[in-house]
Amino acid sequence: ALALNTVAQTGPYVPTADNLAARKKFQELKFGLFIHWGIYSILGAGEWVMYEKKIPYDSYKRLAGFFNPQEFNAKEWVQFAKKAGMKYITITSRHHDGFSMFGTKMSPYNIVDATPYHKDPLMELAKECEKEGIELHFYYSLLDWGRPDYAFGSPIVDGKPQNGDWDSYIKFMKDQLTELITQYPAVKGIWFDGHWERKNANWHYDEIYGLIHKLNPAILVGNNHHLEPIEGEDFQMFEKDLPGANTTGFSGESKIGKLPLETCETINNSWGFNITDRSFKSSKQIIHYLVNAAGRDANFLLNIGPMPNGKIQSEFTDTLAIVGNWMQKNGESVYNTRGSSMPPQPWGVMTANGKTLYAHVTTSPAQAYIFIPQMKEKVTKAVLLNGGTAVKFKQQPEGVFIYTNGLAMDPVDTIVKLTVN
Ligand code: FHN
């Protein structure tokens, strides 16, 4: 293990063939479930509750003693995701509060050793995901509010916190990542977060990413650092933003690199369980976000915060059952597609799967047609995906006019399926 811990990357990162295949597969999954779940869920005020309510770390730690999610059932969660049409799950293995939601040997502050539950829900989930063909990614926080070696709040000098023990913290992370990658089946990705808290620190990404890819070259590494991709990463994520939209104002978010893309967004306004947050997004809003992401060549990772007992609240299951029904009918226009080269239009976006294109009309056009600019291929056929009604079109050098007058428009998304040659 010691040897592995000192692995550093030498030279530029060259993804293996397995890694490239994993990236391609990932891009085809399109829709994933993001889960923020931890001892903070007990307080029902989101995952930042310790920081926001200024709860001293030692007091906050007591929550572990009450965390006993007797009703957690990995099968239920995986079936919930599948029913919603989701193909992968990204779950918090450790958030900023530093509590490990898995059976780590690297710290006693974990769900198996520090709670009355005494079981490892992430192992259950990983086994269930493997069984059901759902890919699993682990969210992993770089930021830690409690560990003395991290020394939260300490000024950064020469890439390290002035207090604390940075080398020990980096080693701790590498040891935990080794556990996550080598012990949990179905794990396909690591999703880092918290970089932005210490922008000037030397995070030793060369060593950390190098270690991950040494342990399993196909693991997809992503980092929510709000920067352009760093050497060694395999996908680029955008938090609460469609790629290129940059509505959150995080610096660098608008620059889209060459890696597979993912965007995450919350189902209400919270990541972790929040009992007062009732700003639920509608199924239509979720479908639109998903379609808009797909049209921009990005996966959509939709977040929920399960309750402390392990159950998912009914508002989420109800909405996502509707999304799942929609995906069952219209999934061919999303899964396995890639964003088309056409930039988003006032009426919507396009997705493409080989010679088949899908125009997603999510905003009814003011005129009696939609216009698809820059179409190089020749359109040979246009039908409504739903029902197969033929759709009139006219192709001109500057683009294609699709006539929508007389068509039964769908209030959520009218999908015109085009065949090109
Ligand atoms: O601070 C976290 C937050 O709690 C949550 O995990 C989100 C998910 O994208 N990321 C951070 C904010 O950038």
# chains A, B, ... in the order shown; residues from 1 in each chain; ligands from 1
>>> residues_around(residues="range 153-157 of chain A", least_positions_apart="6", cutoff="12 Å", atoms="only C-alpha atoms", output="NGL selection string")
:A and (51 or 143-147 or 163-166 or 197-203)
>>> write_last_selection(atoms="N, CA and C atoms", output="PDB file, in the first residue's frame")
ATOM      1  N   TYR A  51     -21.843  24.450   9.489  1.00  0.00           N
ATOM      2  CA  TYR A  51     -21.177  25.721   9.204  1.00  0.00           C
ATOM      3  C   TYR A  51     -22.142  26.887   9.382  1.00  0.00           C
ATOM      4  N   LEU A 143     -12.549  19.346   0.902  1.00  0.00           N
ATOM      5  CA  LEU A 143     -12.660  20.223   2.072  1.00  0.00           C
ATOM      6  C   LEU A 143     -13.123  19.423   3.284  1.00  0.00           C
ATOM      7  N   ASP A 144     -12.546  19.697   4.437  1.00  0.00           N
ATOM      8  CA  ASP A 144     -12.953  19.022   5.676  1.00  0.00           C
ATOM      9  C   ASP A 144     -13.002  20.043   6.808  1.00  0.00           C
ATOM     10  N   TRP A 145     -14.174  20.217   7.396  1.00  0.00           N
ATOM     11  CA  TRP A 145     -14.346  21.231   8.446  1.00  0.00           C
ATOM     12  C   TRP A 145     -13.772  20.823   9.789  1.00  0.00           C
ATOM     13  N   GLY A 146     -13.437  19.565   9.967  1.00  0.00           N
ATOM     14  CA  GLY A 146     -13.106  19.127  11.314  1.00  0.00           C
ATOM     15  C   GLY A 146     -11.733  18.543  11.542  1.00  0.00           C
ATOM     16  N   ARG A 147     -11.123  17.944  10.521  1.00  0.00           N
ATOM     17  CA  ARG A 147      -9.867  17.237  10.792  1.00  0.00           C
ATOM     18  C   ARG A 147      -8.750  18.216  11.153  1.00  0.00           C
ATOM     19  N   ASN A 163      -1.150  25.886   9.698  1.00  0.00           N
ATOM     20  CA  ASN A 163      -1.260  24.909  10.787  1.00  0.00           C
ATOM     21  C   ASN A 163      -1.617  23.556  10.170  1.00  0.00           C
ATOM     22  N   GLY A 164      -1.931  22.600  10.975  1.00  0.00           N
ATOM     23  CA  GLY A 164      -2.335  21.303  10.442  1.00  0.00           C
ATOM     24  C   GLY A 164      -1.159  20.506   9.924  1.00  0.00           C
ATOM     25  N   ASP A 165      -1.484  19.480   9.165  1.00  0.00           N
ATOM     26  CA  ASP A 165      -0.447  18.618   8.610  1.00  0.00           C
ATOM     27  C   ASP A 165      -0.918  18.182   7.225  1.00  0.00           C
ATOM     28  N   TRP A 166      -0.556  18.974   6.239  1.00  0.00           N
ATOM     29  CA  TRP A 166      -1.089  18.803   4.891  1.00  0.00           C
ATOM     30  C   TRP A 166      -0.725  17.447   4.304  1.00  0.00           C
ATOM     31  N   GLU A 197     -12.490  26.028  -1.853  1.00  0.00           N
ATOM     32  CA  GLU A 197     -12.273  26.564  -0.499  1.00  0.00           C
ATOM     33  C   GLU A 197     -10.785  26.888  -0.285  1.00  0.00           C
ATOM     34  N   ARG A 198      -9.911  26.171  -1.002  1.00  0.00           N
ATOM     35  CA  ARG A 198      -8.471  26.418  -0.885  1.00  0.00           C
ATOM     36  C   ARG A 198      -7.864  26.499  -2.272  1.00  0.00           C
ATOM     37  N   LYS A 199      -8.176  27.600  -2.927  1.00  0.00           N
ATOM     38  CA  LYS A 199      -7.732  27.735  -4.328  1.00  0.00           C
ATOM     39  C   LYS A 199      -6.210  27.739  -4.449  1.00  0.00           C
ATOM     40  N   ASN A 200      -5.515  28.228  -3.398  1.00  0.00           N
ATOM     41  CA  ASN A 200      -4.056  28.344  -3.507  1.00  0.00           C
ATOM     42  C   ASN A 200      -3.311  27.149  -2.933  1.00  0.00           C
ATOM     43  N   ALA A 201      -4.056  26.156  -2.499  1.00  0.00           N
ATOM     44  CA  ALA A 201      -3.369  24.997  -1.923  1.00  0.00           C
ATOM     45  C   ALA A 201      -2.836  24.096  -3.037  1.00  0.00           C
ATOM     46  N   ASN A 202      -1.809  23.362  -2.724  1.00  0.00           N
ATOM     47  CA  ASN A 202      -1.334  22.321  -3.638  1.00  0.00           C
ATOM     48  C   ASN A 202      -2.077  21.036  -3.264  1.00  0.00           C
ATOM     49  N   TRP A 203      -3.047  20.694  -4.064  1.00  0.00           N
ATOM     50  CA  TRP A 203      -3.887  19.535  -3.756  1.00  0.00           C
ATOM     51  C   TRP A 203      -3.236  18.210  -4.190  1.00  0.00           C
TER      52      TRP A 203
END
>>> residues_near_ligand(ligand="ligand 1", cutoff="6 Å", atoms="only C-alpha atoms and all ligand atoms", output="ChimeraX atom specification")
/A:47,193,239,271
>>> residues_around(residues="Gly65 in chain A", least_positions_apart="6", cutoff="7 Å", atoms="only C-alpha atoms", output="tab-separated table (two decimals) with C-alpha atoms, in the first residue's frame")
chain	number	residue	atom	x	y	z
A	114	ALA	CA	-19.68	5.86	15.05
A	115	THR	CA	-23.43	5.27	14.62
A	116	PRO	CA	-25.92	2.84	16.15
>>> residues_around(residues="range 83-91 of chain A", least_positions_apart="3", cutoff="7 Å", atoms="only C-alpha atoms", output="ChimeraX atom specification")
/A:29,31-36,79-80,134-139,320-321,323-324,327
>>> closest_residue(among="A:Glu124, A:Asp318, A:Asp206, A:Glu228", to="Asn73 in chain A", atoms="only C-alpha atoms")
A:Glu124
